[in-house]
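Asker: Handing you this structure, nothing more for now.
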Number of protein chains: 2
Amino acid sequence: MNNINLVKNYIKIEKGVAILGVQYDLEKVLLSDYNQSWSHNGVSGERIAKRLGDLSKIGLTSQHGVSRVGFSPLEQQAKELVMNWMRDAGMSVIQDGAGNVVGRIAGLNKDADSIASGSHVDSVPEGGHFDGPLGVITALEVAESWKDQGITPTKPYEVYIFTDEEGTRFNGGLTGSRAMTGALDMETQVTLKDADGFTFEEVLATTGKKLEGFTQAKRENLGIERFIEVHIEQGKKLEQANLSVGIVKGIAGPSWTEIIYEGKAGHAGNTPMDDRQDALTAACELILYIENAPLLVSTTGVATVGKMQVEPNGANVIPGKVTLITDIRDIEEHSRDQIVSNVVNKAQEIATSRNVEVTITEKMRTAPVPIGDEMTRILNSVFDEMKINKQYLVSGAGHDAMMLGAHIPVAMIFTRSKDGVSHNPAEWTTLTDCTISAHVLKQAIEKCMEQ
Amino acid sequence: MNNINLVKNYIKIEKGVAILGVQYDLEKVLLSDYNQSWSHNGVSGERIAKRLGDLSKIGLTSQHGVSRVGFSPLEQQAKELVMNWMRDAGMSVIQDGAGNVVGRIAGLNKDADSIASGSHVDSVPEGGHFDGPLGVITALEVAESWKDQGITPTKPYEVYIFTDEEGTRFNGGLTGSRAMTGALDMETQVTLKDADGFTFEEVLATTGKKLEGFTQAKRENLGIERFIEVHIEQGKKLEQANLSVGIVKGIAGPSWTEIIYEGKAGHAGNTPMDDRQDALTAACELILYIENAPLLVSTTGVATVGKMQVEPNGANVIPGKVTLITDIRDIEEHSRDQIVSNVVNKAQEIATSRNVEVTITEKMRTAPVPIGDEMTRILNSVFDEMKINKQYLVSGAGHDAMMLGAHIPVAMIFTRSKDGVSHNPAEWTTLTDCTISAHVLKQAIEKCMEQ
């Protein structure tokens, strides 16, 4: 069945808020292609579909994607929906000062550190329905399955929803998990402004949060023994190998650098070509260098300019200022840093040769996280028991698990994603693959409980 | 004397309206550097300074520039000030439905078509005090000089103030002169909205104007025999040649083309470099081509990308869509069109080689206006008589004279502008150069009267 058949009518999105009127039934589309034999052992594909569908309605766009940006009322609305499900599953629920949600089953040994799982419910603008929600809903499905089976885990089990993983509004990312692990620099954070010029504090106020909450959210001791996150692959390796799930071996650490070129705005008609200080052509020269920069250093590196602002942005005015952000990643820290350093040098070289000013500011530099042998061994044994071929993967994207990985053993399970597309309404994972991921997670969590 | 010495205190500008309190005495600054020997033959540098000074106060900004945007109450206030001066100079004054002001001396042969001059009094936001006002005040100075000398011209003489030359509010420009010459497409005009979402009609209402007025302003027959406009150069050629004034040989016609690249948005971390359809890198390749495109065809052509939008514009999302506008100009239509055509071909070539979609839409294509031999001959003889070296210039910017030039012989006199700066508070022309321009205009107008 084609998605388009399920469309009844369309909506407009205004200022990120869905206007009532779209009818897109994600649950129905998911159920139309599901192998029901995977609903067993307490795990319900039907429940997963219902929940992905319910979440999809919060910020649904006319493209049938979702715009549920971090720190929007929609993100909080999605969290509250999941908090209700957590309570229904018998979990105690808290939301910390950074807005991170924790649903908890105390377990038999309620004083032990928890085994935990989770992800996020915010999206990029016009994003998809699986990046984030799949990790939250499968984590919750583990608790649901135990409830159905009458199982009480030996240790506490926690499901996390981390705030603002995507970092759309303030060019950050992993904001909630950084706050919790003490990796959020509040001195920098308070200086940030969104595209409309609102400060971090002003934006927080719109969802009833305060700066102090982010400081208070920091845990001296995480109280988590191990953490496993399910996430869509955002790549094509599983699809190419015809596998539902894979084992992540390492998470590439992203580095974000803001580069501002300042030339001289001037009249497009009256400034000769040889007398210009055009900030945009300087930026373009850099962007084309960046496109080729990874391959000079590494076969696994990637480099992207996704965000760019031109000023004054008038058709007949030579650009006086261009602000861009480079996103550079690799699984090895030294090669990632080498690419960054090459780009920074090139940015300066271009500024000199084109007689424009350049300002370079590091916005984020996260160390890549290798997955430890013990967590890999646990996932290996689950895959063996479930008779799934073991495909090892690298995560190019940063994930909340990465922030926790600096302190405790973490693992990630990747789920096949159609055409490797993410951050796009076309993002798609079958319900069968979602449900298989829940089974893998459940068994891995149960093994962690036994350690 | 430094401008700053004349500053008494500062103001804020809010929504384009000057808040009382700034004291910047443009007249005094102008007079501090003036060769008084140029006040003769009925032309008064002191009067020019007084009038530039009086106009400067309408929309004066704390940067000592002016914000007197088209269709603002300030533009109308500036027109009314000049209308009073026109009446004092013995002119009859009308304002047409488009707000264009015409001051008229009937002359000896009152039924003949007029010889005319003029410019505009609107500015860009934070613009300067000479772009526009110089052309209006020197045109009026011709009438003043005749009044002082007791001269009645043989034919009617008209001074024009055209509405909204800069086109700031609706991304248009030359609005009044286009309305008068029938080149304003009212069907398009009524669909325009300003940055605050107000329609053209709603904005007109704030200055007591109506849509019908713009239709009624169209003249079947201009009733003008010849038109000469004085304007600051907005370039550095006169400054480099150490000349006060120059002769415009042609007005470059701008061509605006919108180019949209659509690739595939994807995750910056998980999409391998060799599997991307990045709309931004495609756009950058084109922009670097555009930078070099004019020189392949012409030494007078210019090409600019000033406006560009990246979507979805997230730091960790490969750009799926980039919209840009190319502004390409030359004084010869065939070379201008050749540059445009080369850019369009390259845009398509890049789309093919990078596997992205491209959509190309022509937004504007205005024919360049060559200055005819007869008008050039008239200006040549004035320059010879005044013993001024003849420097020929090209106007890269559009001017109201260009709109009239499609129907009648027109000419432009450019006045030296410090550092070639315009559309900026730093825009500066000495009073001596302003006054020399008035003399050149006066003599050229008098020669037109004799034709």
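Just so we're on the same page: first chain in the structure tokens is A, next is B, and so on; residues restart at 1 for each chain, and ligands are numbered from 1 in the order they show up.
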Show me, as a PDB file with N, CA and C atoms, in the first residue's frame, every residue of chain B with an atom at most 7 Å from chain A, counting only C-alpha atoms.
Answerer:
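For reference, part_1.pdb as written:
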```pdb
ATOM      1  N   GLN B 234      28.479  56.137  -7.433  1.00  0.00           N
ATOM      2  CA  GLN B 234      28.397  54.790  -6.840  1.00  0.00           C
ATOM      3  C   GLN B 234      29.501  53.893  -7.387  1.00  0.00           C
ATOM      4  N   GLY B 235      30.650  54.498  -7.627  1.00  0.00           N
ATOM      5  CA  GLY B 235      31.821  53.789  -8.125  1.00  0.00           C
ATOM      6  C   GLY B 235      32.999  54.712  -7.885  1.00  0.00           C
ATOM      7  N   ALA B 265      18.203  15.975   1.236  1.00  0.00           N
ATOM      8  CA  ALA B 265      18.634  16.240   2.603  1.00  0.00           C
ATOM      9  C   ALA B 265      19.005  14.905   3.234  1.00  0.00           C
ATOM     10  N   GLY B 266      20.034  14.885   4.043  1.00  0.00           N
ATOM     11  CA  GLY B 266      20.431  13.642   4.675  1.00  0.00           C
ATOM     12  C   GLY B 266      21.270  13.950   5.893  1.00  0.00           C
ATOM     13  N   HIS B 267      21.546  12.944   6.675  1.00  0.00           N
ATOM     14  CA  HIS B 267      22.284  13.158   7.907  1.00  0.00           C
ATOM     15  C   HIS B 267      23.763  13.401   7.612  1.00  0.00           C
ATOM     16  N   ALA B 268      24.276  14.473   8.216  1.00  0.00           N
ATOM     17  CA  ALA B 268      25.656  14.875   7.950  1.00  0.00           C
ATOM     18  C   ALA B 268      26.660  13.839   8.436  1.00  0.00           C
ATOM     19  N   GLY B 269      26.272  13.029   9.401  1.00  0.00           N
ATOM     20  CA  GLY B 269      27.227  12.066   9.943  1.00  0.00           C
ATOM     21  C   GLY B 269      27.185  10.730   9.234  1.00  0.00           C
ATOM     22  N   ASN B 270      26.031  10.392   8.688  1.00  0.00           N
ATOM     23  CA  ASN B 270      25.861   9.020   8.206  1.00  0.00           C
ATOM     24  C   ASN B 270      25.760   8.857   6.705  1.00  0.00           C
ATOM     25  N   THR B 271      25.907   9.947   5.975  1.00  0.00           N
ATOM     26  CA  THR B 271      25.849   9.832   4.524  1.00  0.00           C
ATOM     27  C   THR B 271      27.269   9.937   3.982  1.00  0.00           C
ATOM     28  N   PRO B 272      27.776   8.845   3.399  1.00  0.00           N
ATOM     29  CA  PRO B 272      29.151   8.885   2.884  1.00  0.00           C
ATOM     30  C   PRO B 272      29.314  10.009   1.853  1.00  0.00           C
ATOM     31  N   MET B 273      30.511  10.548   1.747  1.00  0.00           N
ATOM     32  CA  MET B 273      30.747  11.672   0.850  1.00  0.00           C
ATOM     33  C   MET B 273      30.386  11.319  -0.596  1.00  0.00           C
ATOM     34  N   THR B 281      26.609  22.397  -2.214  1.00  0.00           N
ATOM     35  CA  THR B 281      27.886  22.327  -2.936  1.00  0.00           C
ATOM     36  C   THR B 281      27.647  22.587  -4.424  1.00  0.00           C
ATOM     37  N   CYS B 284      27.437  26.293  -4.703  1.00  0.00           N
ATOM     38  CA  CYS B 284      28.761  26.913  -4.543  1.00  0.00           C
ATOM     39  C   CYS B 284      29.574  26.797  -5.826  1.00  0.00           C
ATOM     40  N   ILE B 287      28.249  29.452  -8.037  1.00  0.00           N
ATOM     41  CA  ILE B 287      28.588  30.818  -7.605  1.00  0.00           C
ATOM     42  C   ILE B 287      30.037  31.152  -7.957  1.00  0.00           C
ATOM     43  N   LEU B 288      30.925  30.166  -7.838  1.00  0.00           N
ATOM     44  CA  LEU B 288      32.319  30.430  -8.223  1.00  0.00           C
ATOM     45  C   LEU B 288      32.441  30.586  -9.743  1.00  0.00           C
ATOM     46  N   VAL B 302      29.001  42.624 -14.879  1.00  0.00           N
ATOM     47  CA  VAL B 302      29.135  42.217 -13.486  1.00  0.00           C
ATOM     48  C   VAL B 302      28.091  41.144 -13.184  1.00  0.00           C
ATOM     49  N   THR B 304      26.508  38.812  -9.779  1.00  0.00           N
ATOM     50  CA  THR B 304      26.483  38.731  -8.320  1.00  0.00           C
ATOM     51  C   THR B 304      25.424  37.746  -7.859  1.00  0.00           C
ATOM     52  N   VAL B 305      25.757  36.968  -6.836  1.00  0.00           N
ATOM     53  CA  VAL B 305      24.720  36.270  -6.079  1.00  0.00           C
ATOM     54  C   VAL B 305      24.691  36.932  -4.708  1.00  0.00           C
ATOM     55  N   GLY B 306      23.622  37.676  -4.449  1.00  0.00           N
ATOM     56  CA  GLY B 306      23.515  38.420  -3.192  1.00  0.00           C
ATOM     57  C   GLY B 306      22.518  37.784  -2.255  1.00  0.00           C
ATOM     58  N   LYS B 307      21.597  37.020  -2.830  1.00  0.00           N
ATOM     59  CA  LYS B 307      20.507  36.459  -2.025  1.00  0.00           C
ATOM     60  C   LYS B 307      20.503  34.942  -2.175  1.00  0.00           C
ATOM     61  N   MET B 308      20.459  34.259  -1.061  1.00  0.00           N
ATOM     62  CA  MET B 308      20.567  32.800  -1.084  1.00  0.00           C
ATOM     63  C   MET B 308      19.929  32.229   0.160  1.00  0.00           C
ATOM     64  N   VAL B 310      19.284  28.486   2.224  1.00  0.00           N
ATOM     65  CA  VAL B 310      19.625  27.074   2.343  1.00  0.00           C
ATOM     66  C   VAL B 310      18.532  26.373   3.150  1.00  0.00           C
ATOM     67  N   PRO B 312      17.219  22.362   4.670  1.00  0.00           N
ATOM     68  CA  PRO B 312      16.503  22.894   5.839  1.00  0.00           C
ATOM     69  C   PRO B 312      17.354  23.790   6.733  1.00  0.00           C
ATOM     70  N   ASN B 313      18.618  23.962   6.431  1.00  0.00           N
ATOM     71  CA  ASN B 313      19.492  24.874   7.181  1.00  0.00           C
ATOM     72  C   ASN B 313      19.739  24.420   8.613  1.00  0.00           C
ATOM     73  N   GLY B 314      20.037  23.160   8.754  1.00  0.00           N
ATOM     74  CA  GLY B 314      20.458  22.608  10.047  1.00  0.00           C
ATOM     75  C   GLY B 314      21.917  22.208   9.942  1.00  0.00           C
ATOM     76  N   ALA B 315      22.690  22.465  11.003  1.00  0.00           N
ATOM     77  CA  ALA B 315      24.141  22.250  10.931  1.00  0.00           C
ATOM     78  C   ALA B 315      24.488  20.798  10.609  1.00  0.00           C
ATOM     79  N   ASN B 316      23.632  19.858  11.020  1.00  0.00           N
ATOM     80  CA  ASN B 316      23.961  18.450  10.793  1.00  0.00           C
ATOM     81  C   ASN B 316      23.081  17.805   9.728  1.00  0.00           C
ATOM     82  N   VAL B 317      22.564  18.631   8.824  1.00  0.00           N
ATOM     83  CA  VAL B 317      21.731  18.114   7.738  1.00  0.00           C
ATOM     84  C   VAL B 317      22.319  18.548   6.392  1.00  0.00           C
ATOM     85  N   ILE B 318      22.566  17.601   5.527  1.00  0.00           N
ATOM     86  CA  ILE B 318      23.033  17.934   4.185  1.00  0.00           C
ATOM     87  C   ILE B 318      21.945  18.762   3.499  1.00  0.00           C
ATOM     88  N   PRO B 319      22.298  19.937   2.953  1.00  0.00           N
ATOM     89  CA  PRO B 319      21.270  20.801   2.364  1.00  0.00           C
ATOM     90  C   PRO B 319      20.509  20.108   1.232  1.00  0.00           C
ATOM     91  N   ILE B 325      19.527  33.933  -6.201  1.00  0.00           N
ATOM     92  CA  ILE B 325      19.192  34.834  -7.308  1.00  0.00           C
ATOM     93  C   ILE B 325      20.479  35.399  -7.879  1.00  0.00           C
ATOM     94  N   ASP B 327      22.247  38.231 -10.166  1.00  0.00           N
ATOM     95  CA  ASP B 327      22.030  39.583 -10.693  1.00  0.00           C
ATOM     96  C   ASP B 327      23.153  39.818 -11.695  1.00  0.00           C
ATOM     97  N   ARG B 329      24.558  42.076 -15.070  1.00  0.00           N
ATOM     98  CA  ARG B 329      24.357  43.352 -15.759  1.00  0.00           C
ATOM     99  C   ARG B 329      25.472  43.620 -16.753  1.00  0.00           C
ATOM    100  N   SER B 395      26.750  53.173 -15.922  1.00  0.00           N
ATOM    101  CA  SER B 395      25.985  53.011 -14.696  1.00  0.00           C
ATOM    102  C   SER B 395      25.611  51.547 -14.532  1.00  0.00           C
ATOM    103  N   GLY B 396      26.128  50.943 -13.498  1.00  0.00           N
ATOM    104  CA  GLY B 396      25.773  49.552 -13.237  1.00  0.00           C
ATOM    105  C   GLY B 396      24.403  49.443 -12.603  1.00  0.00           C
ATOM    106  N   ALA B 397      24.014  50.496 -11.896  1.00  0.00           N
ATOM    107  CA  ALA B 397      22.722  50.498 -11.215  1.00  0.00           C
ATOM    108  C   ALA B 397      21.634  51.009 -12.141  1.00  0.00           C
TER     109      ALA B 397
END
```
Asker: Do a neighbour search on Ala367 in chain A at 7 Å with only C-alpha atoms, toss out local chain neighbours closer than 2 positions, and write the hits as number ranges by chain.
Answerer: A: 253, 333, 365, 369
Asker: B:Ala347, B:Ile48, B:Ile371, B:Leu204: which is nearest Trp85 in chain B, counting only C-alpha atoms?
Answerer: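 Selected residue with least distance to Trp85 in chain B: B:Ile48.
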Asker: Check the DSSP output for the backbone and give back, as a ChimeraX atom specification, the residues of range 159-367 of chain A in alpha helix (DSSP H).
Answerer: /A:175-181,186-189,200-205,211-216,237-241,279-292,333-354
Asker: Can you check the Cα RMSD once chain B has been least-squares fitted onto chain A over every paired atom, in order?
Answerer: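 After least-squares fitting, the two copies differ by 2.1 Å C-alpha RMSD.
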Asker: Can you list, as a list in words, every residue of range 201-275 of chain A that DSSP puts in strand (DSSP E)?
Answerer: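 The strand (DSSP E) subset of range 201-275 of chain A is Ile224, Glu225, Arg226, Phe227, Ile228, Glu229, Val230, His231, Ile232, Val245, Gly246, Ile247, Val248, Lys249, Gly250, Ile251, Gly253, Pro254, Ser255, Trp256, Thr257, Glu258, Ile259, Ile260, Tyr261, Glu262, Gly266 and His267 of chain A.
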Asker: Could you jot down the CA of Asn242 in chain B to CA of Lys442 in chain B separation for me, Å, one decimal place?
Answerer: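 The value is 22.0 Å.
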Asker: Set the distance at 10 Å and use only C-alpha atoms: which residues neighbour range 217-226 of chain A once local chain neighbours fewer than 6 positions away are removed? I'd like the list as a PyMOL selection string.
Answerer: chain A and resi 95-100+111-117+155-158+176-184+375+404-405+407-411+445+448-449
Asker: With N, CA, C and O atoms kept, could you save the residues just selected as a compact mmCIF listing (two decimals), in the first residue's frame?
Answerer:
```txt
# COMPACT_ATOMS: atom_id res chain seq x y z
N GLN A 95 10.90 14.34 35.59
CA GLN A 95 11.52 15.12 34.51
C GLN A 95 12.52 16.04 35.22
O GLN A 95 12.15 16.77 36.14
N ASP A 96 13.79 15.97 34.82
CA ASP A 96 14.79 16.77 35.53
C ASP A 96 14.79 18.22 35.02
O ASP A 96 14.00 18.59 34.16
N GLY A 97 15.66 19.04 35.59
CA GLY A 97 15.66 20.46 35.27
C GLY A 97 15.99 20.77 33.82
O GLY A 97 15.68 21.85 33.32
N ALA A 98 16.63 19.82 33.14
CA ALA A 98 16.95 20.01 31.73
C ALA A 98 15.84 19.45 30.84
O ALA A 98 15.97 19.43 29.61
N GLY A 99 14.78 18.97 31.49
CA GLY A 99 13.66 18.44 30.70
C GLY A 99 13.83 16.97 30.34
O GLY A 99 12.97 16.40 29.68
N ASN A 100 14.95 16.36 30.75
CA ASN A 100 15.13 14.94 30.49
C ASN A 100 14.08 14.15 31.28
O ASN A 100 13.87 14.41 32.46
N ASP A 111 18.34 -0.46 45.07
CA ASP A 111 19.45 0.43 45.35
C ASP A 111 20.59 0.30 44.35
O ASP A 111 21.55 1.09 44.37
N ALA A 112 20.50 -0.70 43.48
CA ALA A 112 21.56 -0.88 42.47
C ALA A 112 21.49 0.23 41.43
O ALA A 112 20.46 0.89 41.26
N ASP A 113 22.61 0.44 40.76
CA ASP A 113 22.56 1.32 39.58
C ASP A 113 21.67 0.67 38.54
O ASP A 113 21.54 -0.56 38.49
N SER A 114 21.06 1.51 37.72
CA SER A 114 20.07 0.99 36.77
C SER A 114 20.73 0.45 35.50
O SER A 114 21.85 0.80 35.16
N ILE A 115 19.99 -0.41 34.83
CA ILE A 115 20.24 -0.71 33.43
C ILE A 115 19.27 0.20 32.68
O ILE A 115 18.10 0.31 33.09
N ALA A 116 19.75 0.85 31.64
CA ALA A 116 18.89 1.89 31.05
C ALA A 116 18.93 1.87 29.53
O ALA A 116 19.86 1.33 28.92
N SER A 117 17.91 2.48 28.97
CA SER A 117 17.81 2.62 27.51
C SER A 117 17.00 3.88 27.22
O SER A 117 16.40 4.47 28.12
N LYS A 155 17.41 -5.60 38.70
CA LYS A 155 17.94 -4.28 39.03
C LYS A 155 16.94 -3.22 38.54
O LYS A 155 16.05 -3.53 37.76
N PRO A 156 17.13 -1.96 38.94
CA PRO A 156 16.26 -0.90 38.40
C PRO A 156 16.42 -0.83 36.87
O PRO A 156 17.52 -1.03 36.35
N TYR A 157 15.32 -0.56 36.20
CA TYR A 157 15.36 -0.35 34.74
C TYR A 157 14.83 1.06 34.47
O TYR A 157 13.79 1.45 34.98
N GLU A 158 15.58 1.83 33.67
CA GLU A 158 15.17 3.21 33.39
C GLU A 158 15.06 3.46 31.89
O GLU A 158 15.90 3.00 31.10
N GLY A 176 20.30 17.70 26.33
CA GLY A 176 19.85 17.07 27.57
C GLY A 176 20.88 16.10 28.12
O GLY A 176 21.18 16.13 29.33
N SER A 177 21.44 15.26 27.27
CA SER A 177 22.42 14.28 27.77
C SER A 177 23.73 14.97 28.16
O SER A 177 24.41 14.53 29.09
N ARG A 178 24.05 16.07 27.50
CA ARG A 178 25.23 16.83 27.92
C ARG A 178 25.00 17.46 29.30
O ARG A 178 25.89 17.47 30.15
N ALA A 179 23.79 18.00 29.50
CA ALA A 179 23.49 18.60 30.80
C ALA A 179 23.60 17.56 31.91
O ALA A 179 24.18 17.79 32.96
N MET A 180 23.06 16.37 31.65
CA MET A 180 23.02 15.33 32.67
C MET A 180 24.42 14.83 33.01
O MET A 180 24.73 14.53 34.16
N THR A 181 25.28 14.74 32.00
CA THR A 181 26.63 14.20 32.22
C THR A 181 27.64 15.29 32.54
O THR A 181 28.83 15.03 32.66
N GLY A 182 27.17 16.56 32.66
CA GLY A 182 28.07 17.65 33.04
C GLY A 182 28.90 18.17 31.88
O GLY A 182 29.88 18.89 32.08
N ALA A 183 28.52 17.83 30.64
CA ALA A 183 29.32 18.25 29.48
C ALA A 183 28.74 19.49 28.81
O ALA A 183 29.20 19.88 27.74
N LEU A 184 27.73 20.11 29.45
CA LEU A 184 27.14 21.31 28.86
C LEU A 184 27.76 22.53 29.53
O LEU A 184 27.65 22.71 30.74
N MET A 375 30.25 -4.98 26.23
CA MET A 375 28.93 -4.69 25.67
C MET A 375 28.78 -5.35 24.30
O MET A 375 27.70 -5.85 23.95
N LEU A 404 26.85 9.45 27.47
CA LEU A 404 26.94 8.56 28.61
C LEU A 404 28.18 7.68 28.50
O LEU A 404 28.77 7.29 29.51
N GLY A 405 28.57 7.39 27.26
CA GLY A 405 29.71 6.50 27.00
C GLY A 405 31.03 7.03 27.53
O GLY A 405 32.00 6.28 27.66
N HIS A 407 31.34 7.88 30.47
CA HIS A 407 31.34 7.55 31.91
C HIS A 407 31.05 6.09 32.21
O HIS A 407 31.53 5.55 33.20
N ILE A 408 30.21 5.46 31.39
CA ILE A 408 29.77 4.08 31.69
C ILE A 408 29.79 3.26 30.40
O ILE A 408 29.84 3.82 29.30
N PRO A 409 29.74 1.93 30.49
CA PRO A 409 29.65 1.12 29.28
C PRO A 409 28.32 1.37 28.54
O PRO A 409 27.26 1.37 29.18
N VAL A 410 28.41 1.63 27.27
CA VAL A 410 27.20 1.84 26.46
C VAL A 410 27.27 0.94 25.22
O VAL A 410 28.33 0.45 24.85
N ALA A 411 26.10 0.75 24.63
CA ALA A 411 26.03 0.03 23.35
C ALA A 411 24.92 0.65 22.53
O ALA A 411 24.05 1.34 23.07
N ILE A 445 19.06 -6.15 27.37
CA ILE A 445 18.81 -5.57 28.69
C ILE A 445 18.72 -6.69 29.74
O ILE A 445 19.28 -6.59 30.83
N CYS A 448 22.05 -7.79 30.63
CA CYS A 448 22.71 -6.81 31.51
C CYS A 448 22.22 -6.97 32.96
O CYS A 448 22.98 -6.78 33.91
N MET A 449 20.95 -7.32 33.11
CA MET A 449 20.38 -7.51 34.44
C MET A 449 21.05 -8.67 35.16
O MET A 449 21.15 -8.69 36.38
```
Asker: Would you mind listing what lies within 8 Å of range 35-41 of chain A as JSON, numbers by chain, with only C-alpha atoms counted and same-chain residues fewer than 3 positions away left out?
Answerer: {"A": [44, 45, 46, 145, 149, 432, 435, 436]}
Asker: Any idea what the distance is between CA of Leu393 in chain A and CA of Asn355 in chain B?
Answerer: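 So the answer is 27.1 Å.
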Asker: Go through A:Ser123, A:Gln216, A:Gln391, A:Thr323 and flag the residue nearest Thr359 in chain A, using only C-alpha atoms for the distances.
Answerer: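 Ranked by minimum distance to Thr359 in chain A, first place goes to A:Thr323.
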Asker: Please report the interatomic distance between CA of Glu27 in chain B and CA of Leu379 in chain B in Å with one decimal.
Answerer: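 A separation of 29.0 Å between them.
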Asker: Neighbouring residues of Leu30 in chain A were defined as those with any atom within 7 Å, considering only C-alpha atoms; residues of the same chain fewer than 4 positions away were excluded. Please report them as a list in words.
Answerer: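 With the cut-off at 7 Å, the set is Leu26, Tyr34, Ala49, Thr430 and Leu431 of chain A.
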Asker: Take the residues just selected and output them with C-alpha atoms as a tab-separated table (two decimals), in the first residue's frame.
Answerer:
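Contents of selection_0.tsv, freshly written:
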```tsv
chain	number	residue	atom	x	y	z
A	26	LEU	CA	1.42	6.33	10.24
A	34	TYR	CA	4.16	-6.23	9.30
A	49	ALA	CA	2.90	1.02	15.65
A	430	THR	CA	9.33	-1.24	8.66
A	431	LEU	CA	7.33	-2.24	11.71
```
